[in-house]
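J.: My structure is in query32.tsv, and what it holds is TSV, C-alpha atoms and all ligand atoms:
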chain	number	residue	atom	x	y	z
A	1	MET	CA	154.20	-105.04	-144.38
A	2	ARG	CA	152.48	-104.88	-147.74
A	3	LEU	CA	148.80	-105.79	-148.27
A	4	PRO	CA	146.67	-105.75	-151.41
A	5	GLY	CA	144.29	-102.78	-151.71
A	6	LEU	CA	141.18	-103.53	-149.65
A	7	ILE	CA	137.70	-103.68	-151.15
A	8	ASP	CA	134.83	-102.30	-149.06
A	9	PRO	CA	131.56	-103.62	-150.46
A	10	HIS	CA	129.32	-101.44	-148.25
A	11	VAL	CA	129.85	-97.66	-148.17
A	12	HIS	CA	127.32	-94.82	-147.88
A	13	VAL	CA	128.95	-92.03	-149.87
A	14	ARG	CA	125.94	-89.65	-149.32
A	15	GLU	CA	126.20	-88.00	-152.74
A	16	PRO	CA	123.85	-87.02	-154.32
A	17	GLY	CA	121.87	-85.14	-151.74
A	18	GLN	CA	123.59	-85.17	-148.36
A	19	THR	CA	127.04	-83.81	-149.01
A	20	HIS	CA	127.14	-82.11	-145.63
A	21	LYS	CA	127.64	-85.63	-144.22
A	22	GLU	CA	130.07	-86.91	-146.89
A	23	ASP	CA	130.63	-86.79	-150.65
A	24	TRP	CA	132.56	-88.70	-153.29
A	25	ASP	CA	135.68	-86.69	-152.49
A	26	SER	CA	135.68	-87.03	-148.69
A	27	ALA	CA	134.47	-90.65	-148.69
A	28	THR	CA	137.22	-91.77	-151.07
A	29	GLN	CA	139.86	-89.79	-149.13
A	30	ALA	CA	138.74	-91.66	-146.02
A	31	ALA	CA	138.90	-94.91	-147.99
A	32	LEU	CA	142.49	-94.36	-149.12
A	33	ALA	CA	143.57	-93.32	-145.63
A	34	GLY	CA	142.08	-96.61	-144.44
A	35	GLY	CA	143.85	-98.74	-147.06
A	36	VAL	CA	140.67	-99.22	-149.09
A	37	THR	CA	141.18	-98.87	-152.84
A	38	THR	CA	137.69	-99.87	-154.05
A	39	VAL	CA	134.37	-98.81	-152.54
A	40	LEU	CA	130.94	-100.08	-153.53
A	41	ALA	CA	128.48	-97.23	-152.93
A	42	MET	CA	125.02	-97.80	-151.48
A	43	PRO	CA	121.96	-96.39	-153.25
A	44	ASN	CA	120.04	-94.78	-150.34
A	45	THR	CA	121.06	-91.27	-151.34
A	46	LYS	CA	118.76	-88.32	-152.00
A	47	PRO	CA	117.38	-89.09	-154.52
A	48	PRO	CA	117.94	-92.84	-154.22
A	49	ILE	CA	119.79	-94.51	-157.09
A	50	PHE	CA	117.08	-96.61	-158.69
A	51	ASP	CA	116.82	-95.85	-162.41
A	52	ALA	CA	118.95	-94.67	-165.34
A	53	ALA	CA	118.66	-90.98	-164.52
A	54	THR	CA	119.68	-91.34	-160.87
A	55	LEU	CA	122.49	-93.78	-161.73
A	56	ASP	CA	123.84	-91.20	-164.18
A	57	LEU	CA	123.61	-88.56	-161.47
A	58	ALA	CA	125.67	-90.55	-158.96
A	59	LEU	CA	128.22	-91.66	-161.54
A	60	ALA	CA	128.68	-88.11	-162.85
A	61	ALA	CA	129.63	-86.96	-159.34
A	62	ALA	CA	131.87	-89.97	-158.82
A	63	ARG	CA	133.64	-89.45	-162.14
A	64	THR	CA	134.86	-85.98	-161.22
A	65	LYS	CA	135.38	-86.47	-157.49
A	66	ALA	CA	136.33	-90.05	-156.58
A	67	ARG	CA	139.95	-90.57	-155.58
A	68	CYS	CA	139.80	-94.37	-155.35
A	69	ASP	CA	138.06	-96.96	-157.52
A	70	TYR	CA	134.35	-97.56	-157.12
A	71	ALA	CA	131.06	-98.96	-158.33
A	72	GLN	CA	127.53	-97.84	-157.55
A	73	TYR	CA	124.67	-100.05	-156.34
A	74	LEU	CA	121.12	-99.79	-157.61
A	75	GLY	CA	118.25	-99.85	-155.12
A	76	ALA	CA	115.34	-102.28	-155.45
A	77	GLY	CA	112.08	-100.32	-155.43
A	78	PRO	CA	108.43	-101.35	-155.76
A	79	ALA	CA	108.21	-100.69	-159.50
A	80	ASN	CA	111.72	-100.82	-160.95
A	81	ALA	CA	112.60	-104.54	-161.25
A	82	ALA	CA	112.72	-104.50	-165.05
A	83	GLU	CA	114.63	-101.23	-165.21
A	84	VAL	CA	117.32	-102.17	-162.67
A	85	ALA	CA	117.72	-105.56	-164.35
A	86	ARG	CA	118.47	-103.70	-167.60
A	87	LEU	CA	120.99	-101.44	-165.84
A	88	ALA	CA	122.63	-104.35	-164.00
A	89	PRO	CA	125.89	-104.46	-166.01
A	90	ARG	CA	126.65	-100.89	-164.88
A	91	ALA	CA	125.99	-101.55	-161.18
A	92	ALA	CA	127.96	-102.95	-158.25
A	93	GLY	CA	124.91	-105.03	-157.33
A	94	LEU	CA	121.26	-104.64	-156.33
A	95	LYS	CA	120.52	-103.48	-152.78
A	96	MET	CA	117.25	-104.64	-151.37
A	97	TYR	CA	115.76	-103.59	-148.03
A	98	LEU	CA	113.53	-106.37	-146.75
A	99	ASP	CA	112.74	-104.69	-143.49
A	100	SER	CA	110.71	-101.51	-143.43
A	101	THR	CA	112.71	-98.59	-144.68
A	102	PHE	CA	112.46	-95.10	-146.03
A	103	GLY	CA	110.86	-93.55	-149.13
A	104	GLU	CA	111.23	-94.91	-152.58
A	105	LEU	CA	113.13	-98.10	-151.79
A	106	ARG	CA	110.31	-99.44	-149.66
A	107	LEU	CA	109.19	-102.98	-150.55
A	108	ASP	CA	105.97	-103.45	-148.62
A	109	GLU	CA	104.90	-106.69	-150.22
A	110	MET	CA	106.75	-109.98	-150.55
A	111	THR	CA	105.72	-110.36	-154.21
A	112	LEU	CA	107.94	-107.36	-154.95
A	113	TRP	CA	110.98	-109.28	-153.66
A	114	LEU	CA	110.15	-112.14	-156.01
A	115	GLU	CA	110.07	-109.84	-159.03
A	116	HIS	CA	113.61	-108.65	-158.29
A	117	PHE	CA	114.91	-112.18	-157.69
A	118	ARG	CA	113.27	-113.30	-160.93
A	119	LEU	CA	114.84	-110.60	-163.11
A	120	TRP	CA	118.22	-109.56	-161.61
A	121	ARG	CA	121.20	-110.97	-163.50
A	122	GLY	CA	123.92	-108.55	-162.45
A	123	ARG	CA	127.64	-109.15	-162.12
A	124	GLY	CA	127.08	-108.36	-158.46
A	125	PRO	CA	124.57	-110.27	-156.32
A	126	ILE	CA	121.39	-109.08	-154.65
A	127	VAL	CA	122.58	-107.60	-151.36
A	128	VAL	CA	119.91	-107.61	-148.68
A	129	HIS	CA	119.44	-105.59	-145.55
A	130	ALA	CA	117.41	-108.24	-143.74
A	131	GLU	CA	117.68	-108.84	-140.05
A	132	SER	CA	116.75	-111.93	-138.09
A	133	ARG	CA	113.62	-113.57	-139.54
A	134	SER	CA	113.63	-111.35	-142.63
A	135	MET	CA	117.05	-112.82	-143.32
A	136	ALA	CA	115.51	-116.28	-143.37
A	137	ALA	CA	113.07	-114.97	-145.99
A	138	ALA	CA	116.01	-113.75	-148.09
A	139	LEU	CA	117.59	-117.21	-147.87
A	140	ALA	CA	114.28	-118.72	-149.00
A	141	CYS	CA	114.27	-116.44	-152.07
A	142	ALA	CA	117.87	-117.35	-152.91
A	143	GLN	CA	116.96	-121.00	-152.70
A	144	MET	CA	113.71	-120.75	-154.69
A	145	PHE	CA	115.34	-118.85	-157.52
A	146	ASP	CA	118.76	-120.51	-157.18
A	147	ARG	CA	120.27	-117.02	-157.31
A	148	PRO	CA	123.14	-115.58	-155.24
A	149	VAL	CA	122.21	-113.42	-152.29
A	150	HIS	CA	124.65	-111.51	-150.09
A	151	ILE	CA	123.55	-110.77	-146.52
A	152	ALA	CA	124.71	-107.31	-145.41
A	153	HIS	CA	126.02	-106.64	-141.90
A	154	VAL	CA	125.31	-109.90	-140.07
A	155	SER	CA	125.19	-109.11	-136.36
A	156	LEU	CA	123.38	-111.92	-134.51
A	157	ARG	CA	124.31	-115.43	-133.47
A	158	GLU	CA	121.09	-116.81	-134.95
A	159	GLU	CA	121.89	-115.13	-138.29
A	160	ILE	CA	125.42	-116.50	-138.65
A	161	LEU	CA	124.28	-119.98	-137.61
A	162	LEU	CA	121.39	-119.95	-140.11
A	163	ILE	CA	123.78	-118.83	-142.87
A	164	LYS	CA	126.13	-121.65	-141.94
A	165	GLU	CA	123.29	-124.17	-142.30
A	166	ALA	CA	122.16	-122.65	-145.60
A	167	LYS	CA	125.70	-122.76	-147.03
A	168	ALA	CA	126.05	-126.39	-145.98
A	169	ARG	CA	122.85	-127.12	-147.92
A	170	GLY	CA	123.98	-125.44	-151.11
A	171	VAL	CA	122.09	-122.14	-150.91
A	172	LYS	CA	124.01	-119.48	-152.86
A	173	VAL	CA	124.49	-117.21	-149.88
A	174	THR	CA	127.44	-115.06	-148.88
A	175	CYS	CA	127.65	-112.57	-146.04
A	176	GLU	CA	129.57	-109.69	-144.56
A	177	VAL	CA	130.24	-108.46	-141.02
A	178	THR	CA	131.18	-104.92	-140.00
A	179	PRO	CA	134.05	-103.97	-137.68
A	180	HIS	CA	131.59	-102.34	-135.26
A	181	HIS	CA	129.65	-105.59	-134.88
A	182	LEU	CA	132.93	-107.38	-134.14
A	183	PHE	CA	134.57	-104.80	-131.86
A	184	LEU	CA	131.61	-103.24	-130.02
A	185	THR	CA	128.68	-104.71	-128.11
A	186	LYS	CA	125.56	-103.06	-126.74
A	187	GLU	CA	127.35	-102.92	-123.40
A	188	ASP	CA	129.67	-100.29	-124.88
A	189	ILE	CA	126.77	-97.88	-125.31
A	190	PRO	CA	127.09	-95.12	-122.71
A	191	PRO	CA	123.83	-94.01	-121.08
A	192	SER	CA	122.39	-90.77	-122.40
A	193	PRO	CA	122.78	-87.75	-120.13
A	194	PRO	CA	119.60	-87.03	-118.09
A	195	SER	CA	118.79	-83.64	-119.62
A	196	PRO	CA	119.04	-82.73	-123.29
A	197	LEU	CA	122.27	-80.89	-124.02
A	198	PRO	CA	122.74	-78.44	-126.91
A	199	GLN	CA	123.32	-80.06	-130.30
A	200	GLY	CA	126.83	-81.34	-130.71
A	201	GLU	CA	127.37	-81.43	-126.95
A	202	GLY	CA	125.50	-84.59	-126.23
A	203	GLY	CA	128.63	-86.18	-124.86
A	204	GLY	CA	128.25	-89.34	-126.91
A	205	GLY	CA	125.19	-90.86	-125.26
A	206	GLU	CA	122.85	-93.48	-126.68
A	207	GLY	CA	121.93	-91.42	-129.75
A	208	ARG	CA	125.43	-91.51	-131.07
A	209	PHE	CA	125.41	-95.30	-130.88
A	210	GLU	CA	122.26	-95.68	-132.99
A	211	VAL	CA	123.10	-98.01	-135.85
A	212	ARG	CA	121.26	-100.62	-137.94
A	213	PRO	CA	121.59	-103.43	-137.20
A	214	ARG	CA	121.90	-102.39	-133.55
A	215	LEU	CA	125.00	-103.30	-131.57
A	216	ALA	CA	124.37	-106.80	-130.27
A	217	SER	CA	125.03	-108.75	-127.08
A	218	PRO	CA	128.48	-110.05	-126.11
A	219	ALA	CA	127.17	-113.58	-126.87
A	220	ASP	CA	126.24	-112.51	-130.42
A	221	VAL	CA	129.64	-110.91	-130.94
A	222	GLN	CA	131.35	-114.02	-129.62
A	223	ALA	CA	129.36	-116.17	-132.06
A	224	LEU	CA	130.60	-114.03	-134.98
A	225	TRP	CA	134.23	-114.47	-133.88
A	226	GLN	CA	133.66	-118.21	-133.44
A	227	ASN	CA	132.27	-118.49	-136.96
A	228	LEU	CA	134.85	-116.45	-138.86
A	229	ASP	CA	134.96	-119.18	-141.49
A	230	VAL	CA	131.29	-118.51	-142.32
A	231	ILE	CA	131.96	-114.78	-142.85
A	232	ASP	CA	132.83	-114.10	-146.49
A	233	CYS	CA	133.59	-110.40	-146.30
A	234	PHE	CA	134.42	-107.57	-143.98
A	235	ALA	CA	132.49	-104.40	-144.86
A	236	THR	CA	132.44	-101.11	-143.00
A	237	ASP	CA	128.83	-100.03	-143.65
A	238	HIS	CA	130.47	-96.59	-143.49
A	239	ALA	CA	127.33	-94.55	-142.76
A	240	PRO	CA	128.40	-91.05	-141.75
A	241	HIS	CA	126.04	-88.59	-140.05
A	242	THR	CA	127.31	-85.37	-138.48
A	243	LEU	CA	127.87	-85.08	-134.77
A	244	ALA	CA	125.08	-82.48	-134.53
A	245	GLU	CA	122.69	-84.99	-136.13
A	246	LYS	CA	123.85	-87.87	-133.93
A	247	ASP	CA	123.54	-85.84	-130.74
A	248	GLY	CA	120.30	-84.14	-131.83
A	249	GLU	CA	116.65	-84.89	-131.11
A	250	THR	CA	116.24	-87.73	-133.62
A	251	PRO	CA	119.66	-89.33	-134.08
A	252	PRO	CA	119.92	-91.12	-137.44
A	253	PRO	CA	121.47	-94.60	-137.31
A	254	GLY	CA	124.93	-95.17	-138.76
A	255	PHE	CA	128.67	-95.15	-137.96
A	256	PRO	CA	131.64	-94.02	-140.06
A	257	GLY	CA	134.13	-96.85	-140.51
A	258	LEU	CA	136.47	-96.50	-143.49
A	259	GLU	CA	139.46	-95.11	-141.60
A	260	THR	CA	139.23	-97.38	-138.58
A	261	MET	CA	138.61	-100.82	-140.10
A	262	LEU	CA	142.18	-101.77	-141.02
A	263	PRO	CA	143.79	-100.56	-137.75
A	264	LEU	CA	141.17	-102.50	-135.77
A	265	PHE	CA	141.83	-105.67	-137.76
A	266	LEU	CA	145.61	-105.22	-137.57
A	267	THR	CA	145.23	-104.88	-133.81
A	268	ALA	CA	143.21	-108.11	-133.69
A	269	ILE	CA	145.91	-109.79	-135.79
A	270	GLY	CA	148.54	-108.56	-133.31
A	271	GLU	CA	146.46	-110.09	-130.52
A	272	GLY	CA	146.19	-113.42	-132.35
A	273	ARG	CA	142.41	-113.19	-132.79
A	274	LEU	CA	142.62	-113.04	-136.58
A	275	THR	CA	145.22	-113.90	-139.22
A	276	ILE	CA	146.56	-111.88	-142.14
A	277	ASN	CA	145.11	-114.58	-144.35
A	278	HIS	CA	141.62	-114.00	-142.88
A	279	LEU	CA	141.99	-110.30	-143.60
A	280	ILE	CA	143.11	-110.79	-147.20
A	281	GLN	CA	140.40	-113.37	-147.89
A	282	LYS	CA	137.59	-111.28	-146.42
A	283	SER	CA	138.68	-107.82	-147.57
A	284	VAL	CA	140.18	-108.63	-150.98
A	285	VAL	CA	139.79	-112.14	-152.40
A	286	ASN	CA	136.17	-112.88	-151.51
A	287	PRO	CA	134.66	-109.47	-152.29
A	288	ARG	CA	136.47	-109.51	-155.66
A	289	LYS	CA	134.97	-112.93	-156.40
A	290	ILE	CA	131.45	-112.27	-155.08
A	291	PHE	CA	131.08	-108.91	-156.88
A	292	HIS	CA	133.13	-109.90	-159.95
A	293	LEU	CA	135.55	-107.01	-159.61
A	294	PRO	CA	138.64	-106.66	-161.80
A	295	GLU	CA	142.17	-106.98	-160.44
A	296	GLN	CA	143.83	-103.65	-159.63
A	297	PRO	CA	147.29	-103.86	-161.15
A	298	GLU	CA	150.22	-102.23	-159.33
A	299	THR	CA	148.08	-101.60	-156.27
A	300	TRP	CA	149.08	-102.17	-152.67
A	301	VAL	CA	148.88	-100.83	-149.12
A	302	GLU	CA	151.90	-100.44	-146.87
A	303	VAL	CA	151.26	-100.69	-143.15
A	304	ASP	CA	153.47	-100.23	-140.13
A	305	GLU	CA	152.03	-103.12	-138.14
A	306	ASN	CA	153.81	-102.02	-134.96
A	307	ALA	CA	152.77	-98.37	-134.89
A	308	ARG	CA	150.67	-97.74	-131.78
A	309	TRP	CA	148.23	-94.86	-131.84
A	310	GLU	CA	144.91	-93.68	-130.53
A	311	ILE	CA	141.84	-93.28	-132.73
A	312	ARG	CA	140.67	-89.68	-132.62
A	313	ALA	CA	137.95	-88.17	-134.75
A	314	ALA	CA	140.02	-85.01	-135.15
A	315	ASP	CA	142.54	-86.99	-137.23
A	316	LEU	CA	140.00	-88.54	-139.60
A	317	ARG	CA	139.03	-87.34	-143.06
A	318	SER	CA	135.35	-88.24	-143.05
A	319	ARG	CA	133.19	-85.14	-143.02
A	320	CYS	CA	131.05	-86.49	-140.18
A	321	GLY	CA	133.49	-85.45	-137.45
A	322	TRP	CA	133.17	-88.35	-135.01
A	323	THR	CA	133.85	-92.07	-134.58
A	324	PRO	CA	132.37	-94.70	-132.25
A	325	PHE	CA	135.98	-95.83	-131.62
A	326	GLU	CA	137.14	-92.50	-130.14
A	327	GLY	CA	140.02	-93.05	-127.70
A	328	ARG	CA	140.65	-96.66	-128.66
A	329	GLN	CA	144.30	-97.72	-128.69
A	330	VAL	CA	145.23	-99.56	-131.86
A	331	ARG	CA	148.35	-101.12	-133.28
A	332	GLY	CA	148.92	-100.82	-137.04
A	333	ARG	CA	148.86	-97.79	-139.31
A	334	VAL	CA	148.52	-97.26	-143.04
A	335	THR	CA	151.68	-95.49	-144.19
A	336	ARG	CA	151.37	-95.60	-147.98
A	337	VAL	CA	148.89	-96.62	-150.66
A	338	VAL	CA	149.77	-97.17	-154.30
A	339	LEU	CA	146.79	-97.34	-156.63
A	340	ARG	CA	147.28	-98.44	-160.23
A	341	GLY	CA	150.93	-97.45	-160.21
A	342	ARG	CA	150.47	-94.01	-158.62
A	343	GLU	CA	151.12	-93.03	-155.04
A	344	ALA	CA	147.62	-92.31	-153.67
A	345	PHE	CA	148.37	-91.82	-149.95
A	346	ARG	CA	151.55	-91.23	-147.97
A	347	GLU	CA	152.14	-90.42	-144.29
A	348	GLY	CA	148.73	-88.90	-143.68
A	349	LEU	CA	148.39	-87.13	-147.02
A	350	VAL	CA	145.96	-88.15	-149.76
A	351	LEU	CA	147.86	-87.71	-153.01
A	352	ALA	CA	145.39	-89.13	-155.54
A	353	GLY	CA	143.39	-86.25	-156.96
A	354	PRO	CA	139.62	-86.04	-157.38
A	355	GLY	CA	138.66	-87.95	-160.52
A	356	TYR	CA	141.60	-90.38	-160.31
A	357	GLY	CA	139.21	-93.13	-159.15
A	358	ARG	CA	137.81	-95.40	-161.82
A	359	ASN	CA	134.38	-96.93	-162.16
A	360	VAL	CA	135.19	-100.64	-162.12
A	361	ARG	CA	131.98	-101.40	-164.09
A	362	GLU	CA	133.02	-99.33	-167.10
B	401	LIG	C1	122.31	-96.57	-142.85
B	401	LIG	C2	122.57	-95.16	-143.34
B	401	LIG	O1	122.84	-94.28	-142.53
B	401	LIG	O2	122.50	-94.92	-144.55
B	401	LIG	N1	122.47	-96.63	-141.45
B	401	LIG	C3	122.90	-97.66	-140.71
B	401	LIG	O3	122.80	-97.60	-139.48
B	401	LIG	N2	123.43	-98.73	-141.27
B	401	LIG	C4	120.92	-96.91	-143.30
B	401	LIG	C5	120.51	-98.29	-143.02
B	401	LIG	O4	121.09	-99.18	-143.64
B	401	LIG	O5	119.58	-98.52	-142.22
B	402	ZN	ZN	124.42	-99.64	-144.95
Produce structure tokens that represent the structure in this file.

T.:
Amino acid sequence: MRLPGLIDPHVHVREPGQTHKEDWDSATQAALAGGVTTVLAMPNTKPPIFDAATLDLALAAARTKARCDYAQYLGAGPANAAEVARLAPRAAGLKMYLDSTFGELRLDEMTLWLEHFRLWRGRGPIVVHAESRSMAAALACAQMFDRPVHIAHVSLREEILLIKEAKARGVKVTCEVTPHHLFLTKEDIPPSPPSPLPQGEGGGGEGRFEVRPRLASPADVQALWQNLDVIDCFATDHAPHTLAEKDGETPPPGFPGLETMLPLFLTAIGEGRLTINHLIQKSVVNPRKIFHLPEQPETWVEVDENARWEIRAADLRSRCGWTPFEGRQVRGRVTRVVLRGREAFREGLVLAGPGYGRNVRE
């Protein structure tokens, strides 16, 4: 079966600054192996991408290393609304963290949100990390300014139902859901072992399953499946951290996801829980529309929808070395990817070289 190249609007590439977790090369190899031909890269790198100098830094690395197409987000900080608005044409979108977060992208005061909503006129929307009641605040901003807002990684029943209401009332809101919030619940989290084990030998306890938003209840997951029509996009929130970090003293939140998304969705399609049309709408058509991305000519993904295999971290290309889906049986495998007329992936081998990927905002 042939699919269009998938677009993943939420990827943490980790470069600049944390290339031991991932970089533009490994992230885009993982993307191609997962049937993803465009990634939109999040700005919470080290340093964060929040002005002209840091945008240049990220794009310079991408230019020489990316193997699939890409665009880079800017991060909304406390004092950069005018600057990011000026840089908007070069960016995937503006990422705004409404809940408390790290370092320079921290927006402690609500007036700072308003400044960004007032000024941002990008080709991509304002994408918010805003959970539960903060998400309602983001919807209020979208309504007040009549500007598009995209809600990242919806995970709760109350969130998807509020978005449904807002859409029905004409608020310019779109949203995405991750595979892990559709295929895992908090009941899948194994208890941590009683005594601390050496780093990397934690055995996959609670620390490994740290992710933001947290894995939710089975009722929340069921509500997402029941409201598939409200979900505009699938996005991995590919957020790799190494196994040593995940099993260490202070496990950072985040799951890798680029290589497992399509097999998980193909499996759900095989089980009749999802249709091919859902997949194409949410992974190609809608992200292209919401982020105003160009068509990729002569680009497609070939899948063997009947291939049965087991997800194993050892077979994945992400540098992080683990997956929350370890051991899961799936049906459907990416066999070949053609990107802009060139064979980019075939039978387990990434063939597109570093630098073949194009910045879709240039
Ligand atoms: C993100 C990461 O690792 O960059 N982690 C995550 O669990 N989604 C950061 C974040 O968005 O909180
Ligand atoms: Zn994220």

J.: Collect all residues with atoms no farther than 7 Å from ligand ZN 402 (chain B), counting all atoms listed in the file, and output them as a ChimeraX atom specification.

T.: /A:10-12,42,237-239

J.: Please write out the residues within 9 Å of ligand LIG 401 (chain B) as a PDB file with C-alpha atoms, in the frame of the given file, counting only C-alpha atoms and all ligand atoms.

T.:
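Written file, result36.pdb:
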ATOM      1  CA  VAL A  11     129.850 -97.660-148.170  1.00  0.00           C
ATOM      2  CA  HIS A  12     127.320 -94.820-147.880  1.00  0.00           C
ATOM      3  CA  VAL A  13     128.950 -92.030-149.870  1.00  0.00           C
ATOM      4  CA  ARG A  14     125.940 -89.650-149.320  1.00  0.00           C
ATOM      5  CA  MET A  42     125.020 -97.800-151.480  1.00  0.00           C
ATOM      6  CA  PRO A  43     121.960 -96.390-153.250  1.00  0.00           C
ATOM      7  CA  ASN A  44     120.040 -94.780-150.340  1.00  0.00           C
ATOM      8  CA  THR A  45     121.060 -91.270-151.340  1.00  0.00           C
ATOM      9  CA  TYR A  97     115.760-103.590-148.030  1.00  0.00           C
ATOM     10  CA  THR A 101     112.710 -98.590-144.680  1.00  0.00           C
ATOM     11  CA  PHE A 102     112.460 -95.100-146.030  1.00  0.00           C
ATOM     12  CA  HIS A 129     119.440-105.590-145.550  1.00  0.00           C
ATOM     13  CA  HIS A 153     126.020-106.640-141.900  1.00  0.00           C
ATOM     14  CA  GLU A 210     122.260 -95.680-132.990  1.00  0.00           C
ATOM     15  CA  VAL A 211     123.100 -98.010-135.850  1.00  0.00           C
ATOM     16  CA  ARG A 212     121.260-100.620-137.940  1.00  0.00           C
ATOM     17  CA  PRO A 213     121.590-103.430-137.200  1.00  0.00           C
ATOM     18  CA  ARG A 214     121.900-102.390-133.550  1.00  0.00           C
ATOM     19  CA  ASP A 237     128.830-100.030-143.650  1.00  0.00           C
ATOM     20  CA  HIS A 238     130.470 -96.590-143.490  1.00  0.00           C
ATOM     21  CA  ALA A 239     127.330 -94.550-142.760  1.00  0.00           C
ATOM     22  CA  PRO A 240     128.400 -91.050-141.750  1.00  0.00           C
ATOM     23  CA  HIS A 241     126.040 -88.590-140.050  1.00  0.00           C
ATOM     24  CA  PRO A 252     119.920 -91.120-137.440  1.00  0.00           C
ATOM     25  CA  PRO A 253     121.470 -94.600-137.310  1.00  0.00           C
ATOM     26  CA  GLY A 254     124.930 -95.170-138.760  1.00  0.00           C
ATOM     27  CA  PHE A 255     128.670 -95.150-137.960  1.00  0.00           C
TER      28      PHE A 255
END

J.: So which residues touch Val334 in chain A within 9 Å, counting all atoms listed in the file, skipping near sequence neighbours fewer than 2 positions away, as a list in words?

T.: Ala33, Gly34, Gly35, Leu262, Pro263, Val301, Glu302, Val303, Asp304, Glu305, Gly332, Arg336, Val337, Phe345, Arg346, Glu347 and Gly348 of chain A

J.: Choose the residue, out of A:His292, A:Arg333, A:Arg2, A:Lys282, that has the smallest atom-to-atom separation from Glu310 in chain A; count only C-alpha atoms.

T.: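 Among the listed residues, A:Arg333 lies closest to Glu310 in chain A.
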
J.: Calculated over all atoms listed in the file, which of the candidates A:Arg106, A:Val285, A:Ala31, A:Ile49 has the smallest distance to Gly257 in chain A?

T.: A:Ala31

J.: When you count only C-alpha atoms, which of these residues is closest to Ile311 in chain A: A:Ile290, A:Leu264, A:Leu184, A:Val127?

T.: A:Leu264

J.: Counting only C-alpha atoms, which residue out of A:Lys172, A:Arg208, A:Lys289, A:Arg133 sits closest to His150 in chain A?

T.: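 For His150 in chain A, the nearest of the candidates is A:Lys172.
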
J.: What's the separation between CA of Pro294 in chain A and CA of Cys233 in chain A, in Å to one decimal place?

T.: 16.7 Å

J.: Near Arg157 in chain A, within 7 Å and counting all atoms listed in the file, which residues show up once chain neighbours fewer than 5 positions away are dropped, as a list of chain:residue names?

T.: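 Listed by chain and then number, they are A:Asp220, A:Ala223, A:Leu224.
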
J.: Selection from above, C-alpha atoms, as a PDB file, keeping the file's coordinate frame, can you write it?

T.:
ATOM      1  CA  ASP A 220     126.240-112.510-130.420  1.00  0.00           C
ATOM      2  CA  ALA A 223     129.360-116.170-132.060  1.00  0.00           C
ATOM      3  CA  LEU A 224     130.600-114.030-134.980  1.00  0.00           C
TER       4      LEU A 224
END

J.: At what distance in Å, to one decimal, does CA of Leu279 in chain A lie from CA of Pro218 in chain A?

T.: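 If I compute the distance from CA of Pro218 in chain A to CA of Leu279 in chain A, I get 22.1 Å.
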
J.: One number please: CA of Ala53 in chain A to CA of Leu74 in chain A, in Å, one decimal.

T.: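 Separation between CA of Ala53 in chain A and CA of Leu74 in chain A: 11.5 Å.
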
J.: Hey, what's within 8 Å of Thr242 in chain A if we count all atoms listed in the file and toss same-chain stuff fewer than 4 positions away? As a CSV table (one decimal) with C-alpha atoms, keeping the file's coordinate frame, please?

T.:
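Produced file part_27.csv, reproduced below:
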chain,number,residue,atom,x,y,z
A,20,HIS,CA,127.1,-82.1,-145.6
A,21,LYS,CA,127.6,-85.6,-144.2
A,246,LYS,CA,123.8,-87.9,-133.9
A,319,ARG,CA,133.2,-85.1,-143.0
A,320,CYS,CA,131.0,-86.5,-140.2
A,321,GLY,CA,133.5,-85.4,-137.4
A,322,TRP,CA,133.2,-88.4,-135.0

J.: List the spatial neighbours of Val84 in chain A as a ChimeraX atom specification - criterion: any atom at most 7 Å away, only C-alpha atoms, same-chain residues fewer than 3 positions off excluded.

T.: /A:50-51,74,80-81,87-88
